[in-house]
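What's in final.cif: mmCIF, C-alpha atoms
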```cif
data_structure
loop_
_atom_site.label_atom_id
_atom_site.label_comp_id
_atom_site.auth_asym_id
_atom_site.auth_seq_id
_atom_site.Cartn_x
_atom_site.Cartn_y
_atom_site.Cartn_z
CA MET A 1 -22.16 19.56 -4.94
CA LYS A 2 -21.20 18.12 -8.29
CA GLY A 3 -18.07 19.76 -9.60
CA ASP A 4 -16.69 20.51 -6.12
CA LYS A 5 -13.71 18.23 -6.67
CA HIS A 6 -11.32 17.89 -3.74
CA TYR A 7 -8.31 15.78 -4.63
CA TYR A 8 -7.27 14.68 -1.20
CA VAL A 9 -7.12 11.49 0.75
CA GLU A 10 -6.56 12.92 4.20
CA SER A 11 -6.70 16.44 5.59
CA PHE A 12 -3.45 18.38 5.28
CA ASP A 13 -4.00 20.43 8.45
CA THR A 14 -0.53 20.80 9.94
CA VAL A 15 1.08 21.56 13.27
CA GLU A 16 4.75 22.08 14.03
CA VAL A 17 6.34 19.12 15.78
CA THR A 18 9.90 18.07 16.43
CA SER A 19 11.36 15.42 14.16
CA PHE A 20 13.24 13.89 17.12
CA ARG A 21 13.03 10.08 16.92
CA LEU A 22 11.47 10.21 13.46
CA GLY A 23 13.38 8.71 10.55
CA HIS A 24 14.66 11.14 7.94
CA SER A 25 15.01 10.04 4.34
CA PRO A 26 18.58 9.97 2.98
CA PHE A 27 17.07 11.54 -0.14
CA ALA A 28 15.36 14.43 1.68
CA ASP A 29 18.03 17.01 0.83
CA ARG A 30 17.08 16.55 -2.81
CA TYR A 31 13.59 17.98 -2.44
CA VAL A 32 12.76 19.36 1.02
CA THR A 33 11.97 23.08 1.29
CA GLU A 34 10.19 25.24 3.87
CA GLU A 35 6.94 24.45 2.03
CA THR A 36 7.21 20.66 2.29
CA VAL A 37 4.39 19.07 4.28
CA PHE A 38 5.37 15.80 5.92
CA GLY A 39 3.40 12.82 7.11
CA VAL A 40 4.60 10.17 9.55
CA TYR A 41 4.44 6.46 8.71
CA CYS A 42 6.44 3.66 10.34
CA ASP A 43 8.06 6.41 12.47
CA ARG A 44 9.45 7.90 9.27
CA LEU A 45 8.85 11.27 7.67
CA PHE A 46 7.64 11.32 4.09
CA PRO A 47 6.47 14.15 1.80
CA LEU A 48 2.69 14.56 1.56
CA LYS A 49 3.07 17.82 -0.38
CA LEU A 50 6.19 19.38 -1.88
CA THR A 51 4.87 22.95 -2.27
CA ASN A 52 2.01 25.06 -0.94
CA ASP A 53 0.40 25.40 -4.36
CA GLU A 54 0.89 21.76 -5.40
CA ASP A 55 -1.80 20.45 -7.76
CA PRO A 56 -1.93 16.65 -7.61
CA VAL A 57 -3.99 16.22 -10.77
CA PRO A 58 -1.25 16.75 -13.41
CA LEU A 59 1.01 14.38 -11.46
CA TYR A 60 -1.85 11.89 -11.13
CA TRP A 61 -2.20 11.81 -14.92
CA LYS A 62 1.57 11.51 -15.30
CA LEU A 63 1.38 8.48 -13.01
CA ARG A 64 -1.39 7.00 -15.12
CA ARG A 65 0.25 7.73 -18.47
CA ASP A 66 4.00 7.99 -17.92
CA VAL A 67 6.17 7.57 -14.80
CA LEU A 68 6.80 9.11 -11.36
CA LEU A 69 9.30 8.48 -8.57
CA TYR A 70 8.19 8.46 -4.92
CA ASP A 71 10.32 8.52 -1.77
CA VAL A 72 8.15 6.32 0.45
CA PRO A 73 8.32 5.48 4.18
CA GLU A 74 7.45 1.76 4.11
CA LYS A 75 9.77 -0.27 6.31
CA PRO A 76 11.21 -3.71 5.53
CA LEU A 77 12.22 -6.13 8.28
CA GLU A 78 14.77 -8.86 7.66
CA ILE A 79 14.21 -12.44 8.85
CA VAL A 80 17.25 -14.69 8.45
CA GLY A 81 18.14 -18.20 9.55
CA PRO A 82 17.29 -21.88 9.14
CA ASP A 83 13.92 -21.31 10.86
CA ALA A 84 13.05 -18.09 9.01
CA ALA A 85 10.27 -19.68 6.95
CA ARG A 86 8.98 -21.52 10.02
CA LEU A 87 8.69 -18.26 11.97
CA LEU A 88 6.88 -16.49 9.16
CA ASP A 89 4.50 -19.41 8.68
CA ARG A 90 3.71 -19.14 12.38
CA VAL A 91 2.79 -15.44 12.27
CA LEU A 92 1.47 -14.99 8.72
CA ALA A 93 -1.79 -16.36 7.32
CA CYS A 94 -0.33 -17.11 3.88
CA LYS A 95 1.94 -20.01 2.92
CA VAL A 96 5.58 -19.03 3.26
CA GLU A 97 7.37 -22.39 2.90
CA THR A 98 6.11 -22.64 -0.69
CA LEU A 99 7.25 -19.13 -1.65
CA ARG A 100 10.04 -19.38 -4.22
CA VAL A 101 13.22 -17.33 -4.12
CA GLY A 102 12.66 -14.15 -6.12
CA ARG A 103 8.93 -14.03 -5.43
CA CYS A 104 6.71 -11.82 -3.29
CA ARG A 105 3.40 -12.51 -1.59
CA TYR A 106 0.83 -10.32 0.15
CA ALA A 107 0.77 -11.47 3.77
CA ILE A 108 -1.53 -10.74 6.72
CA ALA A 109 -0.62 -11.30 10.37
CA CYS A 110 -3.51 -11.83 12.79
CA ARG A 111 -3.95 -11.69 16.54
CA GLU A 112 -5.21 -14.74 18.42
CA ASP A 113 -8.79 -13.46 18.07
CA GLY A 114 -8.47 -13.38 14.27
CA THR A 115 -8.35 -9.60 13.87
CA VAL A 116 -5.71 -8.09 11.60
CA LEU A 117 -2.52 -7.05 13.37
CA MET A 118 -0.37 -6.23 10.34
CA ASP A 119 -0.30 -6.55 6.57
CA GLY A 120 2.51 -6.26 4.09
CA VAL A 121 4.53 -8.06 1.45
CA VAL A 122 6.85 -10.97 2.22
CA MET A 123 9.75 -11.53 -0.19
CA ARG A 124 12.09 -14.51 -0.33
CA ILE A 125 15.58 -13.23 -1.07
CA SER A 126 17.32 -16.56 -0.57
CA GLU A 127 16.41 -19.92 0.94
CA ASP A 128 16.85 -18.71 4.52
CA ARG A 129 16.53 -14.94 4.04
CA PHE A 130 13.25 -13.03 3.83
CA TRP A 131 12.17 -9.42 3.96
CA TYR A 132 8.73 -8.46 5.24
CA VAL A 133 7.74 -4.99 4.05
CA LYS A 134 5.26 -4.01 6.72
CA ALA A 135 2.54 -1.41 7.02
CA ASN A 136 2.40 1.31 9.68
CA GLY A 137 2.75 0.05 13.23
CA GLU A 138 5.10 -1.95 15.44
CA PHE A 139 5.85 -5.52 14.31
CA GLU A 140 9.51 -6.24 14.95
CA SER A 141 8.92 -7.12 18.61
CA TRP A 142 5.98 -9.38 17.64
CA LEU A 143 8.27 -11.32 15.32
CA GLY A 144 10.96 -11.42 17.98
CA ALA A 145 8.60 -12.74 20.64
CA ASN A 146 7.38 -15.51 18.35
CA ALA A 147 10.96 -16.37 17.34
CA ILE A 148 11.89 -17.60 20.83
CA GLY A 149 13.25 -21.13 20.55
CA LEU A 150 13.85 -20.84 16.81
CA ASP A 151 17.14 -20.50 14.93
CA VAL A 152 16.32 -17.16 13.32
CA GLU A 153 17.29 -13.50 13.60
CA VAL A 154 14.92 -10.57 13.10
CA SER A 155 16.46 -7.18 12.33
CA ASP A 156 15.87 -3.77 10.78
CA PRO A 157 18.09 -3.41 7.69
CA ASP A 158 17.56 0.38 7.69
CA SER A 159 16.29 0.28 4.13
CA ARG A 160 14.66 3.32 2.57
CA VAL A 161 12.45 2.49 -0.40
CA LEU A 162 11.97 4.31 -3.69
CA GLN A 163 8.93 3.52 -5.80
CA ILE A 164 8.99 4.13 -9.56
CA GLN A 165 5.43 3.84 -10.80
CA GLY A 166 3.54 4.22 -14.05
CA PRO A 167 3.41 2.60 -17.50
CA LYS A 168 6.99 3.63 -18.30
CA SER A 169 8.49 2.46 -15.00
CA LEU A 170 9.92 -0.75 -16.46
CA ALA A 171 11.56 1.23 -19.24
CA VAL A 172 13.28 3.35 -16.58
CA LEU A 173 14.44 0.17 -14.81
CA ASP A 174 15.70 -1.27 -18.09
CA ALA A 175 17.76 1.87 -18.65
CA ALA A 176 19.05 1.85 -15.05
CA ILE A 177 20.37 -1.72 -15.37
CA GLY A 178 21.94 -1.06 -18.77
CA GLY A 179 19.30 -2.89 -20.80
CA GLY A 180 18.22 -6.49 -21.06
CA LEU A 181 15.37 -6.52 -18.52
CA ALA A 182 13.87 -9.99 -18.90
CA ALA A 183 10.32 -10.37 -20.18
CA ASP A 184 9.57 -12.76 -17.31
CA PHE A 185 10.06 -10.03 -14.67
CA ARG A 186 6.39 -10.16 -13.79
CA TYR A 187 4.11 -8.72 -11.14
CA PHE A 188 5.21 -9.77 -7.62
CA HIS A 189 8.57 -11.01 -8.91
CA ALA A 190 11.80 -9.66 -7.39
CA GLY A 191 15.55 -9.99 -7.68
CA PHE A 192 18.98 -8.38 -7.38
CA PHE A 193 19.93 -5.98 -10.18
CA GLU A 194 22.91 -3.78 -10.90
CA VAL A 195 21.10 -0.44 -10.67
CA CYS A 196 23.19 2.54 -11.70
CA GLY A 197 26.29 0.63 -10.59
CA GLN A 198 24.93 -0.68 -7.27
CA THR A 199 23.61 -4.15 -6.45
CA LEU A 200 20.09 -3.69 -5.05
CA TRP A 201 16.96 -5.76 -4.50
CA ILE A 202 14.03 -4.70 -6.69
CA SER A 203 10.46 -5.94 -6.57
CA ARG A 204 7.76 -5.46 -9.17
CA THR A 205 5.24 -4.10 -6.69
CA GLY A 206 3.85 -0.76 -5.59
CA TRP A 207 1.03 1.20 -3.98
CA THR A 208 -0.63 2.68 -7.05
CA GLY A 209 -2.45 -0.01 -9.03
CA GLU A 210 -0.18 0.80 -11.99
CA VAL A 211 2.89 -0.95 -13.37
CA GLY A 212 5.70 -0.23 -10.95
CA ILE A 213 8.85 -1.24 -9.12
CA GLU A 214 10.26 -0.72 -5.65
CA ILE A 215 13.99 -0.26 -5.04
CA TYR A 216 15.28 -1.27 -1.61
CA CYS A 217 18.31 0.58 -0.34
CA ASN A 218 20.86 -1.30 1.81
CA SER A 219 19.65 -4.60 0.39
CA GLY A 220 22.84 -5.53 -1.43
CA PRO A 221 26.31 -6.48 -0.19
CA ASP A 222 27.40 -2.85 0.39
CA PRO A 223 25.77 0.22 1.97
CA THR A 224 23.84 2.19 -0.62
CA ASP A 225 25.32 5.38 -2.03
CA HIS A 226 22.03 7.26 -1.92
CA ASP A 227 23.24 10.35 -3.78
CA ALA A 228 24.63 8.30 -6.65
CA LEU A 229 21.45 6.23 -6.83
CA TRP A 230 19.21 9.31 -6.93
CA GLU A 231 21.27 11.01 -9.63
CA GLY A 232 21.54 7.84 -11.67
CA LEU A 233 17.82 7.07 -11.56
CA PHE A 234 16.83 10.55 -12.66
CA ALA A 235 19.39 10.49 -15.46
CA CYS A 236 17.89 7.21 -16.66
CA GLY A 237 14.36 8.48 -16.19
CA GLU A 238 14.86 11.80 -17.99
CA PRO A 239 14.18 10.42 -21.51
CA PHE A 240 10.84 9.11 -20.21
CA GLY A 241 9.89 12.34 -18.46
CA MET A 242 10.18 10.90 -14.95
CA GLU A 243 9.48 13.38 -12.15
CA LEU A 244 9.47 13.31 -8.38
CA SER A 245 6.03 13.37 -6.75
CA SER A 246 4.82 13.73 -3.21
CA GLY A 247 2.46 11.09 -1.84
CA TRP A 248 -0.62 13.11 -2.82
CA SER A 249 -0.95 11.70 -6.34
CA MET A 250 -0.20 8.20 -5.02
CA GLY A 251 -2.90 8.60 -2.38
CA ILE A 252 -5.57 9.35 -4.95
CA ARG A 253 -4.55 6.41 -7.09
CA ARG A 254 -4.31 3.91 -4.23
CA VAL A 255 -7.93 4.64 -3.26
CA GLU A 256 -9.11 4.15 -6.83
CA SER A 257 -7.22 0.85 -6.99
CA GLY A 258 -8.64 -0.49 -3.73
CA ILE A 259 -5.40 -0.67 -1.74
CA LEU A 260 -6.14 -0.73 2.00
CA ASP A 261 -4.16 1.03 4.73
CA ASN A 262 -3.72 -1.02 7.88
CA GLY A 263 -4.97 0.68 11.03
CA THR A 264 -7.15 3.20 9.17
CA ASP A 265 -9.07 1.31 6.47
CA ILE A 266 -8.37 -2.05 8.13
CA GLU A 267 -9.56 -0.98 11.56
CA PRO A 268 -8.17 -2.94 14.54
CA ASP A 269 -11.40 -4.87 15.17
CA LEU A 270 -11.68 -6.18 11.61
CA THR A 271 -10.84 -9.74 10.63
CA PRO A 272 -9.49 -10.35 7.11
CA TYR A 273 -13.00 -11.47 6.15
CA GLY A 274 -14.54 -8.24 7.39
CA ALA A 275 -11.94 -6.28 5.42
CA GLY A 276 -12.73 -8.22 2.24
CA LEU A 277 -9.34 -9.99 2.34
CA GLY A 278 -10.50 -13.48 3.18
CA HIS A 279 -9.11 -14.89 -0.07
CA PHE A 280 -5.59 -14.28 1.30
CA ILE A 281 -6.16 -16.58 4.29
CA ARG A 282 -4.91 -20.15 4.01
CA LEU A 283 -6.82 -22.14 6.61
CA GLU A 284 -5.39 -25.34 5.11
CA LYS A 285 -2.09 -24.45 6.78
CA GLN A 286 -1.44 -26.59 9.85
CA ASP A 287 -1.20 -23.70 12.25
CA PHE A 288 -0.73 -19.94 12.45
CA ILE A 289 -1.67 -17.30 14.98
CA GLY A 290 -5.42 -16.59 14.73
CA ARG A 291 -6.30 -19.68 12.71
CA THR A 292 -8.67 -21.17 15.31
CA ALA A 293 -10.58 -17.90 15.61
CA LEU A 294 -10.74 -17.46 11.83
CA GLU A 295 -12.21 -20.94 11.38
CA ARG A 296 -15.31 -19.88 13.30
CA ALA A 297 -15.32 -16.19 12.30
CA ASP A 298 -18.17 -14.49 10.47
CA ARG A 299 -17.18 -14.54 6.78
CA ARG A 300 -19.36 -11.58 5.78
CA GLN A 301 -17.67 -8.44 4.52
CA LEU A 302 -17.89 -5.05 6.27
CA LEU A 303 -15.54 -2.86 4.21
CA PHE A 304 -16.57 -1.79 0.71
CA GLY A 305 -16.07 0.92 -1.86
CA LEU A 306 -18.44 3.88 -2.06
CA VAL A 307 -19.19 5.97 -5.16
CA CYS A 308 -20.73 9.43 -4.73
CA PRO A 309 -21.21 11.68 -7.79
CA THR A 310 -22.15 14.81 -5.81
CA ALA A 311 -19.56 14.97 -3.04
CA THR A 312 -16.01 14.00 -2.17
CA PRO A 313 -16.05 11.32 0.55
CA GLN A 314 -13.83 12.05 3.55
CA ALA A 315 -12.70 9.98 6.50
CA GLY A 316 -15.23 10.02 9.32
CA MET A 317 -18.29 10.95 7.26
CA PRO A 318 -21.32 8.95 8.47
CA VAL A 319 -23.26 6.66 6.16
CA HIS A 320 -26.99 6.00 6.62
CA PHE A 321 -29.35 3.35 5.29
CA ASN A 322 -33.10 3.05 5.90
CA ASN A 323 -33.05 6.31 7.90
CA GLY A 324 -30.40 5.18 10.34
CA PRO A 325 -26.60 5.20 10.72
CA VAL A 326 -24.90 2.05 9.46
CA GLY A 327 -21.25 2.97 9.01
CA HIS A 328 -18.59 5.58 8.26
CA LEU A 329 -15.96 6.49 5.70
CA THR A 330 -12.34 5.52 6.37
CA VAL A 331 -10.87 7.44 3.43
CA GLY A 332 -12.03 9.27 0.31
CA THR A 333 -11.04 11.40 -2.66
CA TRP A 334 -12.26 12.60 -6.04
CA SER A 335 -11.41 10.19 -8.85
CA PRO A 336 -10.05 12.04 -11.91
CA THR A 337 -10.52 8.93 -14.07
CA LEU A 338 -14.14 8.31 -13.08
CA ASP A 339 -14.95 12.00 -12.40
CA THR A 340 -16.79 11.12 -9.20
CA GLY A 341 -16.17 10.89 -5.49
CA VAL A 342 -14.88 7.54 -4.22
CA GLY A 343 -13.99 6.17 -0.82
CA TYR A 344 -14.15 3.20 1.51
CA VAL A 345 -17.16 2.63 3.77
CA ARG A 346 -16.85 0.57 6.95
CA PHE A 347 -20.24 -0.84 7.92
CA ASP A 348 -21.05 -1.47 11.58
CA ARG A 349 -22.73 -4.78 10.84
CA PRO A 350 -23.39 -7.10 7.90
CA LEU A 351 -26.70 -6.69 6.10
CA PRO A 352 -28.89 -9.54 7.39
CA GLY A 353 -29.27 -12.23 4.79
CA ASP A 354 -28.02 -9.94 2.06
CA TYR A 355 -24.97 -8.13 0.70
CA TRP A 356 -24.15 -4.42 0.87
CA TYR A 357 -22.87 -4.39 -2.72
CA ARG A 358 -24.90 -2.10 -5.03
CA LYS A 359 -27.06 -0.80 -2.21
CA THR A 360 -27.91 2.91 -2.31
CA VAL A 361 -26.91 4.61 0.93
CA ILE A 362 -26.84 8.22 2.15
CA LEU A 363 -23.53 9.96 2.77
CA HIS A 364 -23.62 12.94 5.15
CA ASP A 365 -20.94 15.52 4.38
CA GLN A 366 -19.23 17.89 6.82
CA ASP A 367 -21.90 20.56 6.26
CA GLY A 368 -24.67 18.11 7.15
CA LYS A 369 -25.88 17.75 3.56
CA SER A 370 -27.09 14.38 2.33
CA HIS A 371 -25.82 12.70 -0.84
CA GLU A 372 -26.92 9.48 -2.47
CA ALA A 373 -24.06 7.03 -2.90
CA THR A 374 -23.68 3.49 -4.20
CA VAL A 375 -21.81 0.67 -2.49
CA ASP A 376 -19.23 -0.87 -4.83
CA THR A 377 -16.57 -3.56 -4.82
CA LEU A 378 -12.88 -2.68 -4.93
CA PRO A 379 -11.07 -1.60 -7.00
CA PHE A 380 -13.32 1.02 -8.56
CA PHE A 381 -12.01 0.28 -12.06
CA ASP A 382 -9.59 -2.23 -13.55
CA LYS A 383 -11.57 -4.80 -11.58
CA ASP A 384 -9.32 -7.68 -12.70
CA LYS A 385 -6.17 -5.71 -11.76
CA ARG A 386 -4.63 -6.08 -15.19
CA LEU A 387 -2.85 -2.71 -15.16
CA PRO A 388 -0.03 -3.62 -12.73
CA ARG A 389 0.37 -6.98 -14.48
CA ALA A 390 1.08 -5.50 -17.92
CA PRO A 391 3.87 -7.48 -19.63
CA TRP A 392 7.29 -5.97 -20.26
CA LYS A 393 7.92 -6.09 -24.00
CA GLY A 394 11.27 -4.34 -24.15
#
```

Using structure tokens, write down the structure from this file.
Amino acid sequence: MKGDKHYYVESFDTVEVTSFRLGHSPFADRYVTEETVFGVYCDRLFPLKLTNDEDPVPLYWKLRRDVLLYDVPEKPLEIVGPDAARLLDRVLACKVETLRVGRCRYAIACREDGTVLMDGVVMRISEDRFWYVKANGEFESWLGANAIGLDVEVSDPDSRVLQIQGPKSLAVLDAAIGGGLAADFRYFHAGFFEVCGQTLWISRTGWTGEVGIEIYCNSGPDPTDHDALWEGLFACGEPFGMELSSGWSMGIRRVESGILDNGTDIEPDLTPYGAGLGHFIRLEKQDFIGRTALERADRRQLLFGLVCPTATPQAGMPVHFNNGPVGHLTVGTWSPTLDTGVGYVRFDRPLPGDYWYRKTVILHDQDGKSHEATVDTLPFFDKDKRLPRAPWKG
């Protein structure tokens, strides 16, 4: 019912498992206690909750108004060699050859049938050196298989990533590099910086829909001193009130901002068009894996936002229309900014001759109760995505 606000993205039911073969963060000793609840992503542990009584709402507002630091599990892969761009153009549906050094680009990899295999961000570090920051799932062997016959090497640089997110994140970066952050360090730009005395690659990206940066360990000429980096960043962030947060506050914000998770929101049978990501596909490229299938694919969208004022959407909840089931929720939470339930609905089929947007559907909660909900486009607010593009004014 209205007012029953559950600020979660996924259930936090836990079981004890061994961490054998799971990657441990080099920063974990700074925050892990017996109360820490971990998730697994890219075969890496990351903190979903730091304490049993954690309330994500104050940290959510700190993310929206100030700045937070996140120890995240995303995993970069390194692609190096004269044929590096050629390999990536073969497996990615965006244009890689035209990507300038110091720039990033959202990039989808498809299977031969046009469905989404992987998504992530490709960054050009130098002319023949790229990093692809991938989503959950195996991708290194896919790159390796498609690299046969090419002069290129694919490797895991063992980089752990820190995200600093929120309106004051660039001020923290400016302090960490000793001042002088250029005004032209814009959204989806990247470069090497001397961060607290260490040369590291930093991109102006993130998973929150807010202004933010990502710091890539082991990206510079020397192995990262993780302890020194952690201490230095928090010393620089202290004047701005920077705190550590678990992924809970980030999870709420990423749903509001329409960021999709590959394998859960982007289900394995979805094409980029079905996921609402068709504008990232460059069919004018000569060739890439899945291009032939995408040329003849249905262009109608199947994944949308859902707004429900009387319940918190949760993954798996069924959605009905005209007295019959038509889809299900992939993720959901309560939006503190909009004060309503929001989530993503995956429809089983396109609406014949029409569009699901703005349709009123029925969401069935876990108790079997019915709630009216409205189909929306993503993101739920900041539709033009101006927040992460805010200029740095120094």

Quiz prompt | Within 12 Å of A:Phe130 using only C-alpha atoms, minus same-chain residues under 6 positions, as a PyMOL selection string | solution = chain A and resi 76-89+96-97+99-105+121-124+152-157+190+201+219

Quiz item: Could you write out as a list in words the residues that the PyMOL selection byres ((chain A and resi 394) around 8) matches in the shown file?
Solution: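 Taken on the displayed file, the PyMOL selection byres ((chain A and resi 394) around 8) yields the residues Ala171, Gly180, Leu181, Ala183, Trp392 and Lys393 of chain A.
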
Quiz item: Of the residues A:Asp43, A:Asp265, A:Asp367, A:Glu238, which is the one nearest to A:Arg21, using all atoms listed in the file?
Solution: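 Between A:Asp43, A:Asp265, A:Asp367, A:Glu238, the residue approaching A:Arg21 most closely is A:Asp43.
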
Quiz item: Do you know which residues are at most 8 Å from A:Phe321 counting all atoms listed in the file, after dropping those on the same chain fewer than 5 positions away, and could you put them as a list of chain:residue names?
Solution: A:Val326, A:Thr360, A:Val361, A:Ile362

Quiz item: If the PyMOL selection byres ((chain A and resi 226-236) around 12) is run on the structure shown, which residues does it catch, given as a PyMOL selection string?
Solution: chain A and resi 25-31+67-71+159-164+168-179+194-200+215-218+222-225+237-244

Can I get the selection written as a PDB file, in the coordinates of the input, with C-alpha atoms?
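Final output, part-v6.pdb:
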```pdb
ATOM      1  CA  SER A  25      15.010  10.040   4.340  1.00  0.00           C
ATOM      2  CA  PRO A  26      18.580   9.970   2.980  1.00  0.00           C
ATOM      3  CA  PHE A  27      17.070  11.540  -0.140  1.00  0.00           C
ATOM      4  CA  ALA A  28      15.360  14.430   1.680  1.00  0.00           C
ATOM      5  CA  ASP A  29      18.030  17.010   0.830  1.00  0.00           C
ATOM      6  CA  ARG A  30      17.080  16.550  -2.810  1.00  0.00           C
ATOM      7  CA  TYR A  31      13.590  17.980  -2.440  1.00  0.00           C
ATOM      8  CA  VAL A  67       6.170   7.570 -14.800  1.00  0.00           C
ATOM      9  CA  LEU A  68       6.800   9.110 -11.360  1.00  0.00           C
ATOM     10  CA  LEU A  69       9.300   8.480  -8.570  1.00  0.00           C
ATOM     11  CA  TYR A  70       8.190   8.460  -4.920  1.00  0.00           C
ATOM     12  CA  ASP A  71      10.320   8.520  -1.770  1.00  0.00           C
ATOM     13  CA  SER A 159      16.290   0.280   4.130  1.00  0.00           C
ATOM     14  CA  ARG A 160      14.660   3.320   2.570  1.00  0.00           C
ATOM     15  CA  VAL A 161      12.450   2.490  -0.400  1.00  0.00           C
ATOM     16  CA  LEU A 162      11.970   4.310  -3.690  1.00  0.00           C
ATOM     17  CA  GLN A 163       8.930   3.520  -5.800  1.00  0.00           C
ATOM     18  CA  ILE A 164       8.990   4.130  -9.560  1.00  0.00           C
ATOM     19  CA  LYS A 168       6.990   3.630 -18.300  1.00  0.00           C
ATOM     20  CA  SER A 169       8.490   2.460 -15.000  1.00  0.00           C
ATOM     21  CA  LEU A 170       9.920  -0.750 -16.460  1.00  0.00           C
ATOM     22  CA  ALA A 171      11.560   1.230 -19.240  1.00  0.00           C
ATOM     23  CA  VAL A 172      13.280   3.350 -16.580  1.00  0.00           C
ATOM     24  CA  LEU A 173      14.440   0.170 -14.810  1.00  0.00           C
ATOM     25  CA  ASP A 174      15.700  -1.270 -18.090  1.00  0.00           C
ATOM     26  CA  ALA A 175      17.760   1.870 -18.650  1.00  0.00           C
ATOM     27  CA  ALA A 176      19.050   1.850 -15.050  1.00  0.00           C
ATOM     28  CA  ILE A 177      20.370  -1.720 -15.370  1.00  0.00           C
ATOM     29  CA  GLY A 178      21.940  -1.060 -18.770  1.00  0.00           C
ATOM     30  CA  GLY A 179      19.300  -2.890 -20.800  1.00  0.00           C
ATOM     31  CA  GLU A 194      22.910  -3.780 -10.900  1.00  0.00           C
ATOM     32  CA  VAL A 195      21.100  -0.440 -10.670  1.00  0.00           C
ATOM     33  CA  CYS A 196      23.190   2.540 -11.700  1.00  0.00           C
ATOM     34  CA  GLY A 197      26.290   0.630 -10.590  1.00  0.00           C
ATOM     35  CA  GLN A 198      24.930  -0.680  -7.270  1.00  0.00           C
ATOM     36  CA  THR A 199      23.610  -4.150  -6.450  1.00  0.00           C
ATOM     37  CA  LEU A 200      20.090  -3.690  -5.050  1.00  0.00           C
ATOM     38  CA  ILE A 215      13.990  -0.260  -5.040  1.00  0.00           C
ATOM     39  CA  TYR A 216      15.280  -1.270  -1.610  1.00  0.00           C
ATOM     40  CA  CYS A 217      18.310   0.580  -0.340  1.00  0.00           C
ATOM     41  CA  ASN A 218      20.860  -1.300   1.810  1.00  0.00           C
ATOM     42  CA  ASP A 222      27.400  -2.850   0.390  1.00  0.00           C
ATOM     43  CA  PRO A 223      25.770   0.220   1.970  1.00  0.00           C
ATOM     44  CA  THR A 224      23.840   2.190  -0.620  1.00  0.00           C
ATOM     45  CA  ASP A 225      25.320   5.380  -2.030  1.00  0.00           C
ATOM     46  CA  GLY A 237      14.360   8.480 -16.190  1.00  0.00           C
ATOM     47  CA  GLU A 238      14.860  11.800 -17.990  1.00  0.00           C
ATOM     48  CA  PRO A 239      14.180  10.420 -21.510  1.00  0.00           C
ATOM     49  CA  PHE A 240      10.840   9.110 -20.210  1.00  0.00           C
ATOM     50  CA  GLY A 241       9.890  12.340 -18.460  1.00  0.00           C
ATOM     51  CA  MET A 242      10.180  10.900 -14.950  1.00  0.00           C
ATOM     52  CA  GLU A 243       9.480  13.380 -12.150  1.00  0.00           C
ATOM     53  CA  LEU A 244       9.470  13.310  -8.380  1.00  0.00           C
TER      54      LEU A 244
END
```
